[in-house]
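Chemist: I'd like to ask you about the structure that follows.
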Amino acid sequence: STFMKNSQNLRDIYLSHTSLQDFDMKYFDFSLFEFLATVSLSHNMLTIVKLSYFNKNDKLKIINLSFNFIKLIEPNSFNSGIRIIELSN
(Lines give C-alpha, C1' and ligand atoms only; values in the text may rest on other atoms or scores of the structure.)
Protein backbone atom coordinates (compact mmCIF):
# COMPACT_ATOMS: atom_id res chain seq x y z
CA SER A 1 0.00 0.00 0.00
CA THR A 2 1.03 3.63 -0.38
CA PHE A 3 0.99 4.13 3.38
CA MET A 4 3.48 1.32 4.00
CA LYS A 5 5.70 2.46 1.15
CA ASN A 6 5.80 6.01 2.50
CA SER A 7 6.13 4.91 6.12
CA GLN A 8 9.46 3.25 5.36
CA ASN A 9 10.88 6.78 5.26
CA LEU A 10 9.80 7.60 8.82
CA ARG A 11 12.51 9.13 10.93
CA ASP A 12 10.66 9.32 14.26
CA ILE A 13 8.12 7.00 15.88
CA TYR A 14 6.33 8.10 19.05
CA LEU A 15 4.32 5.42 20.83
CA SER A 16 4.33 6.99 24.28
CA HIS A 17 1.31 6.72 26.57
CA THR A 18 -0.18 3.85 24.55
CA SER A 19 -0.29 1.17 27.28
CA LEU A 20 2.12 -1.05 25.33
CA GLN A 21 3.07 -4.28 27.06
CA ASP A 22 5.86 -6.73 26.27
CA PHE A 23 3.68 -9.00 24.16
CA ASP A 24 2.68 -6.01 21.96
CA MET A 25 6.28 -5.54 20.87
CA LYS A 26 6.16 -8.60 18.61
CA TYR A 27 4.09 -6.51 16.22
CA PHE A 28 6.79 -3.86 15.76
CA ASP A 29 9.75 -4.45 13.48
CA PHE A 30 11.69 -1.21 13.65
CA SER A 31 14.25 -2.57 11.18
CA LEU A 32 11.68 -2.04 8.39
CA PHE A 33 12.17 1.72 8.70
CA GLU A 34 15.42 2.42 6.91
CA PHE A 35 15.79 6.02 8.12
CA LEU A 36 14.41 5.62 11.64
CA ALA A 37 16.42 7.75 14.07
CA THR A 38 14.14 8.10 17.12
CA VAL A 39 11.81 5.69 18.92
CA SER A 40 9.87 6.83 21.95
CA LEU A 41 8.11 4.16 23.98
CA SER A 42 7.93 6.11 27.23
CA HIS A 43 5.09 5.87 29.73
CA ASN A 44 4.06 2.33 28.84
CA MET A 45 4.10 -1.00 30.67
CA LEU A 46 7.21 -2.60 29.20
CA THR A 47 9.28 -4.81 31.50
CA ILE A 48 11.89 -6.24 29.14
CA VAL A 49 14.05 -5.02 26.27
CA LYS A 50 14.81 -7.87 23.92
CA LEU A 51 17.73 -8.19 21.54
CA SER A 52 15.34 -8.19 18.59
CA TYR A 53 13.72 -4.82 19.33
CA PHE A 54 16.38 -2.30 18.33
CA ASN A 55 19.68 -3.88 17.34
CA LYS A 56 18.89 -4.31 13.62
CA ASN A 57 18.55 -0.63 12.76
CA ASP A 58 21.88 1.11 12.11
CA LYS A 59 20.40 4.61 11.84
CA LEU A 60 18.61 4.52 15.19
CA LYS A 61 20.14 7.18 17.48
CA ILE A 62 17.62 7.88 20.26
CA ILE A 63 15.48 5.44 22.25
CA ASN A 64 13.20 6.66 25.02
CA LEU A 65 12.05 3.90 27.37
CA SER A 66 11.50 6.13 30.41
CA PHE A 67 8.60 5.57 32.76
CA ASN A 68 8.19 1.89 32.00
CA PHE A 69 8.79 -1.01 34.36
CA ILE A 70 12.03 -2.30 32.80
CA LYS A 71 13.43 -5.20 34.80
CA LEU A 72 15.61 -6.85 32.14
CA ILE A 73 17.63 -5.64 29.18
CA GLU A 74 18.96 -8.52 27.12
CA PRO A 75 22.67 -8.30 26.23
CA ASN A 76 23.45 -6.49 22.96
CA SER A 77 19.93 -5.08 22.73
CA PHE A 78 21.23 -1.77 21.39
CA ASN A 79 23.51 -1.23 18.40
CA SER A 80 26.70 0.79 18.81
CA GLY A 81 25.33 3.77 16.84
CA ILE A 82 22.74 4.68 19.44
CA ARG A 83 23.59 7.97 21.14
CA ILE A 84 20.85 8.32 23.77
CA ILE A 85 18.96 5.64 25.72
CA GLU A 86 16.54 7.18 28.18
CA LEU A 87 15.61 4.84 31.03
CA SER A 88 14.66 7.29 33.78
CA ASN A 89 11.64 6.67 35.93
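Naming works like this for the C-alpha coordinates: A, B, ... for the chains as they're shown, residue 1 at the start of each chain, ligands 1 onward in shown order.
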DSSP on the backbone, then: every residue of chain A marked alpha helix (DSSP H), written as number ranges by chain.

Modeler: A: 2-7, 51-54

Chemist: Any idea what's packed within 6 Å of A:His43, counting only C-alpha atoms, ignoring anything in its chain fewer than 2 positions away? Could you give it as a PyMOL selection string?

Modeler: chain A and resi 16-17+67-68

Chemist: Would you list the contacts of A:Gln21 as a ChimeraX atom specification, taking every protein, DNA or RNA residue within 7 Å and counting only C-alpha atoms, but skipping same-chain residues closer than 2 positions in sequence?

Modeler: /A:19,23-24,44-46

Chemist: Give me, please, the distance in Å between atom CA of A:Ile13 and atom CA of A:Ser77, quoted to one decimal.

Modeler: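 Atom-to-atom, atom CA of A:Ile13 to atom CA of A:Ser77, that is 18.2 Å.
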
Chemist: Find the residues around A:Leu65 up to 7 Å (only C-alpha atoms counted), leave out those fewer than 5 positions away in its own chain, and share them as a list in words.

Modeler: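 In the requested form, the answer reads Ser40, Leu41, Ser42, Glu86 and Leu87 of chain A.
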